[in-house]
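Read through the structure below, which is laid out as structure tokens, and then see the notes.
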Amino acid sequence: MNQKTRVQIPLTTIVSLSKTLNPEFDSEDLFGDYDSILGDSSFLAKLDDVETSIRKQEDLGSAPHHSSDTRRSAKLNESCRENNELTDSLLTDCLNHDLLIHLPSSQLVLQQGVSDNCSPAHVETTSTPVVINSKRISNTEKDRPASKVRKSITDQLKQAMLNNASAVGTISKKDFQKEAVVTKEIGIALQAENSFNSETDLGPFFGLPSKVKDLIKKLKSIDDLYDWQKICLNLESVQQRKNLIYSLPTSGGKTLVAEILILKELLCRKKDALLILPYISLVQEKVRGLASFGLELDFMVEEYAGSKGRFPPVKKKARRSLYITTIEKGHSLVNSLIETNRLDSIGLVVVDELHMLGEGSRGAILEMTLAKVLYISKETQIIGMSATLNNIGDLQIFLKADNYTNDFRPVQLKEYVKLKDTIYEVDPKEEECFKFSRLLNFKYSGSLQKMDPDHIVALVTEVIPVHSCLVFCATKKNCENVAGMICKYLARDFLRHKEEEKSMLLAALRSSGNGIICPVLQKTVPYGVAYHHSGLTSDERKLVEEAYTSQTLCLLACTSTLAAGINLPARRVILRSPYVATDFLKRSQYKQMVGRAGRAGIDSMGESILILQEKDKLSNLVCAPMENCYSNLMHGEGRGLLSLILSLVGLNITLTLEKMREFLSGTLLGVQEAHVSPDRSLVVLVEQSVEILRKEGLISSSTDGQVSAILHITKLGRATYKGSVDLTYSNVLYRDLSKGLEGLLLNSFLHLVYLVTPYDMVPHCKPDWMIYYTQFAMLSSAEQKMLAALGVPESFLARKAAGQSVKKAWDLEVASRLYLALVLYSLLKETDLWRVSERFQLTRGFVQTLLSSSSAFCSCVLHFTEEMEELWPFKALLAELTRRLTYCVQAELIPLMEVAGVMEARAKQLYNAGYRTLTHLANADPSLLAKTVENLFKGQANQIVASAKMLLQEKAEALQEEVDDLLTKPADLPT
């Protein structure tokens, strides 16, 4: 402290000190004559008595003494030390009184100095600081006797009070107030600085808080980024927030770059982010994986897939949100944000598998989504990534994006083809791209040669069970056959490899089927082999994937869908044939499959082997460049373009033909107009599409005094685009719902289930008429009458079941849709997928697909009816039905099933273990959870708990926002 600073002790402090030493002290005495304080006989006299007693003891302690008085002298010295400490602490204890919080900052500094010097560490070397004429005196000064240094507390108080009294006129009340304000502001600034340094430290990790790097290491086990990732994150386009497309081979680490950019948007720019993925399974996997980041870094992770998602999303004040969506749900989300003028809240859109732009109706929906974002929100950055892109120039023009490409792979991939017994290495860079590698040396018996002409057993036994292997097959049936055939010729040693883990897997598979297990899996799993295709239930797929990831299973026979789904790499990938069903493989499909070879951090290399017959053509598959990506807005007779124009009018984005053409010129269709629509220009396409929509009763037009017609959307049109209903079925759906109101059956779910059975599922299932008739006979009379009213009477089914011809023309499409409705109705009643699939002679995978498609379509129909006043009775009914179809389990399991990735079998395990609510899961100990639940690994338990916490926070936040809205004063309140 500055030596020139004058010590001032406020009167309130003296009052406090006085009361401490003399409880009977009257505070009013301080407000009489100032001299009365100096002459106070009650308070100061006691201080003098204490001082006198102490000094007597000090004198006794310092007098010479003989050896016989050693003990008494020691006691006196000890007593003196204690009294000195007591004296030193008197002032300090009093000055530490709570009233000091009212002191100005300068006096707090003095008090701190007193406390520091009187602390136990200084007691023996430093006496109480005394200020006389602004100079500090200490008993460490050797030129003065100790007895002269100590000044009585009475003198100290008198001197301090006199100094205060003399300074009263120089320090105004205004100065004290200013000092208090400044002190408070400094405190707030320091607090803010500390908070900034600990929470928003824009450290060296690509502009992100240092905590992010630690979390990536902890949760993803990634110590450092690849060189290409660092280059990509430091690109000028990234720094300036330009749109970017980057492409690398599969397993190159593209996703981590996207996640870092997402975190930067959420944490640094305080904007929401949208991540679009192609499949529901990928959405659920990513929600589970990023939930822990959300909890640690305080942002929300929300799932938009299937029937999940709220439109528009809850508007949050405190936190940012990461929306993880499928392509369809992403489009609906963007539409809802445009409608509520909130699209600017999305700062970043990331699209995985950007090449999906060129794949059918889903590509059209993705193109619509990106085109709307580009047109409306100039501040939103778009990042696209893909492993398979060729005509990158077109996509760059469409997205107004820069491009970054690299051929990096963390694990070297070697590609081979096999012709008979010879294996050739593929080198696309050479003119002759096939180079002899080796002959396959495996002793085949006659029976094995007959069963396995392609030598698959020889190829897989070179790597399993030590390493993993994927065998891609053309059909689902072929997957099961190949898995069974391989196990027939594996050695008995395979049974002993991870025997206990495989037993646990079999038990889990049996539990997921309510005591029933697939006979093929029962035979193959003990050998570490399984199949993987859409015929499995969600529970079975999940268990098989987890077992393969943990290396309990070493081989999967799978279809091509696995290559585009979740990440399941292998040491060796074998392509059973160059076909998917009857279609020859595309170059992009081939690259996705072989890209699964090589596990980073596990294998030093990966290899793929394509089994070929001499008749198969090779050059276009293994050596040719990737296929081009073209717009699919004209797919299915231009249905994508019709949907786009309808939503543009409904969202008031473009209301004239001129504006419509301007918008379309910025789409991928506009960029590729010459190739995609060589015979019709954009002008013609727009005019024709508007006319079709007008005829369908979805839009209307009026001039309103304008030169060009103004387009308006009708109620049916609004319901169609807001419900994301395919234009092909819009009028049919409205007719079915309207007719349903005339005689809606309310004592059964069957009628409602029929109304939400997807139209596009009908062609995939032909009724078994005998089963149909048997199930009809088991219905109640009211349900039978309902079927007859829809056009499927008992007489019709009886004749079909008997194989007789039906003279009257019946609507077979309605009959087939009702058959699917009976499947769903049985599933809702029993919730046992295995029994229902067996009863209707359908694969359990098909029944599962039917269920998930129905829940998604039910959600669409619900949004459709919300826009049509005459269909109001369906709103409450379909909300409950959507929930039932989404989970289709016993009611008590539904709260657990809401957690991303928790299927029915896992929900049952958790429920039986005592975790019966979302709150139970959110507060669970992951370690205890992993020990309690069979076949649950620690990492999976962490993800489940994190997902549950995130979901609970999302629900709480939604409720809080609702409360805030209710309590907010209306802006348009009349005055």
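Residue names in the structure tokens use chain letters A, B, ... in the order shown, residue numbers from 1 in each chain, and ligand numbers from 1 in the order shown.
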Restrict the calculation to only C-alpha atoms, then for each residue of segment 689-784 of chain A with any atom at most 9 Å from an atom of segment 310-332 of chain A give the closest atom pair and their distance in Å to one decimal, rows by chain and rising residue number, as a tab-separated table.
```
residue	atom	partner	partner_atom	distance
A:Tyr721	CA	A:Ser332	CA	8.8
A:Lys722	CA	A:Ser332	CA	7.5
A:Gly723	CA	A:Ser332	CA	8.4
A:Ser724	CA	A:Ser332	CA	7.2
```
So which bits of segment 614-826 of chain A end up strand (DSSP E) when you DSSP the backbone, as number ranges by chain? A: 699-702, 710-713
Among listed residues A:Met897, A:Val287, A:Val212, A:Met485, nearest Leu263 of chain A (using only C-alpha atoms):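 So, comparing all the options, the nearest one is A:Val212.
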For Leu641 of chain A, which of A:Asp726, A:Gln239, A:Leu779, A:His675 is the closest residue, counting only C-alpha atoms?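 Distance minimum relative to Leu641 of chain A lands on A:Asp726.
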Selected residue of minimal separation from Leu951 of chain A among A:Ile486, A:Ala876, A:Leu295, A:Ala600, counting only C-alpha atoms: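 Closest to Leu951 of chain A of all the choices is A:Leu295.
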Rank A:Leu233, A:Leu877, A:Val417, A:Leu553 by their smallest atom-to-atom distance to Gln613 of chain A, using only C-alpha atoms, and report the top residue only.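 Closest residue, counting only C-alpha atoms: A:Val417.
For the set A:Leu543, A:Leu267, A:Leu959, A:Val350, the residue with the smallest atom-to-atom gap to Gln940 of chain A is A:Leu543, counting only C-alpha atoms.
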Can you tell me, as an NGL selection string, what residues are no more than 12 Å from Gly515 of chain A when counting only C-alpha atoms, ignoring any on the same chain fewer than 2 positions away? :A and (506-513 or 517-518 or 832-835 or 905)
For the residues selected in the previous step, produce a file with all heavy atoms as a CSV table (one decimal), in the first residue's frame.
```
chain,number,residue,atom,x,y,z
A,506,LEU,N,-26.3,-64.3,-28.2
A,506,LEU,CA,-27.4,-65.2,-28.5
A,506,LEU,C,-28.5,-65.0,-27.5
A,506,LEU,O,-29.7,-65.0,-27.9
A,506,LEU,CB,-26.9,-66.7,-28.5
A,506,LEU,CG,-26.1,-67.2,-29.7
A,506,LEU,CD1,-25.6,-68.6,-29.4
A,506,LEU,CD2,-27.0,-67.2,-31.0
A,507,ALA,N,-28.2,-64.8,-26.3
A,507,ALA,CA,-29.2,-64.6,-25.2
A,507,ALA,C,-29.9,-63.3,-25.5
A,507,ALA,O,-31.2,-63.2,-25.4
A,507,ALA,CB,-28.6,-64.6,-23.9
A,508,ALA,N,-29.2,-62.2,-25.9
A,508,ALA,CA,-29.8,-60.9,-26.2
A,508,ALA,C,-30.7,-61.0,-27.5
A,508,ALA,O,-31.7,-60.4,-27.5
A,508,ALA,CB,-28.7,-59.9,-26.4
A,509,LEU,N,-30.2,-61.7,-28.5
A,509,LEU,CA,-31.1,-61.9,-29.7
A,509,LEU,C,-32.3,-62.7,-29.4
A,509,LEU,O,-33.4,-62.3,-29.9
A,509,LEU,CB,-30.3,-62.7,-30.7
A,509,LEU,CG,-29.1,-61.9,-31.4
A,509,LEU,CD1,-28.2,-62.9,-32.2
A,509,LEU,CD2,-29.7,-60.8,-32.3
A,510,ARG,N,-32.2,-63.7,-28.5
A,510,ARG,CA,-33.4,-64.4,-28.1
A,510,ARG,C,-34.4,-63.5,-27.3
A,510,ARG,O,-35.6,-63.6,-27.5
A,510,ARG,CB,-33.0,-65.6,-27.3
A,510,ARG,CG,-34.2,-66.6,-27.0
A,510,ARG,CD,-33.7,-67.9,-26.3
A,510,ARG,NE,-33.0,-68.7,-27.2
A,510,ARG,CZ,-31.7,-68.9,-27.3
A,510,ARG,NH1,-30.9,-68.2,-26.4
A,510,ARG,NH2,-31.1,-69.7,-28.1
A,511,SER,N,-33.8,-62.7,-26.5
A,511,SER,CA,-34.7,-61.8,-25.7
A,511,SER,C,-35.4,-60.8,-26.5
A,511,SER,O,-36.5,-60.4,-26.3
A,511,SER,CB,-33.8,-61.1,-24.6
A,511,SER,OG,-34.5,-60.1,-23.9
A,512,SER,N,-34.7,-60.3,-27.6
A,512,SER,CA,-35.3,-59.3,-28.5
A,512,SER,C,-36.4,-59.9,-29.3
A,512,SER,O,-37.3,-59.1,-29.7
A,512,SER,CB,-34.2,-58.7,-29.4
A,512,SER,OG,-33.9,-59.7,-30.4
A,513,GLY,N,-36.4,-61.2,-29.5
A,513,GLY,CA,-37.5,-61.9,-30.2
A,513,GLY,C,-38.5,-62.5,-29.3
A,513,GLY,O,-39.3,-63.4,-29.7
A,517,ILE,N,-35.6,-66.9,-31.8
A,517,ILE,CA,-34.3,-66.4,-32.4
A,517,ILE,C,-34.3,-66.9,-33.8
A,517,ILE,O,-34.8,-68.1,-34.1
A,517,ILE,CB,-33.1,-66.9,-31.6
A,517,ILE,CG1,-31.8,-66.2,-32.2
A,517,ILE,CG2,-33.0,-68.4,-31.6
A,517,ILE,CD1,-30.6,-66.5,-31.3
A,518,CYS,N,-33.7,-66.2,-34.7
A,518,CYS,CA,-33.6,-66.6,-36.1
A,518,CYS,C,-32.8,-67.9,-36.2
A,518,CYS,O,-31.6,-67.9,-35.7
A,518,CYS,CB,-33.0,-65.5,-36.9
A,518,CYS,SG,-32.5,-66.0,-38.6
A,832,ASP,N,-45.7,-57.8,-30.7
A,832,ASP,CA,-44.8,-58.8,-30.8
A,832,ASP,C,-44.5,-59.0,-32.3
A,832,ASP,O,-45.3,-59.7,-33.0
A,832,ASP,CB,-45.3,-60.1,-30.2
A,832,ASP,CG,-44.2,-61.2,-30.2
A,832,ASP,OD1,-43.3,-61.2,-31.0
A,832,ASP,OD2,-44.3,-62.1,-29.3
A,833,LEU,N,-43.5,-58.4,-32.8
A,833,LEU,CA,-43.2,-58.4,-34.2
A,833,LEU,C,-43.0,-59.8,-34.8
A,833,LEU,O,-43.4,-60.1,-35.9
A,833,LEU,CB,-41.9,-57.5,-34.5
A,833,LEU,CG,-41.6,-57.1,-35.9
A,833,LEU,CD1,-41.0,-55.7,-35.9
A,833,LEU,CD2,-40.6,-58.1,-36.5
A,834,TRP,N,-42.3,-60.7,-34.0
A,834,TRP,CA,-42.1,-62.0,-34.5
A,834,TRP,C,-43.4,-62.8,-34.8
A,834,TRP,O,-43.5,-63.5,-35.8
A,834,TRP,CB,-41.2,-62.8,-33.5
A,834,TRP,CG,-39.8,-62.4,-33.6
A,834,TRP,CD1,-39.2,-61.4,-33.1
A,834,TRP,CD2,-38.8,-63.2,-34.3
A,834,TRP,NE1,-37.8,-61.4,-33.4
A,834,TRP,CE2,-37.5,-62.5,-34.1
A,834,TRP,CE3,-38.8,-64.3,-35.1
A,834,TRP,CZ2,-36.3,-62.9,-34.7
A,834,TRP,CZ3,-37.6,-64.8,-35.6
A,834,TRP,CH2,-36.4,-64.1,-35.4
A,835,ARG,N,-44.3,-62.8,-33.9
A,835,ARG,CA,-45.5,-63.5,-34.0
A,835,ARG,C,-46.4,-63.0,-35.2
A,835,ARG,O,-47.0,-63.7,-35.9
A,835,ARG,CB,-46.4,-63.5,-32.7
A,835,ARG,CG,-45.7,-64.3,-31.6
A,835,ARG,CD,-46.6,-64.2,-30.4
A,835,ARG,NE,-46.0,-64.9,-29.3
A,835,ARG,CZ,-46.5,-65.0,-28.0
A,835,ARG,NH1,-47.7,-64.3,-27.8
A,835,ARG,NH2,-45.9,-65.7,-27.1
A,905,ALA,N,-35.6,-54.3,-27.1
A,905,ALA,CA,-34.9,-55.2,-26.2
A,905,ALA,C,-34.1,-54.5,-25.2
A,905,ALA,O,-34.1,-54.9,-24.0
A,905,ALA,CB,-34.0,-56.1,-27.1
```
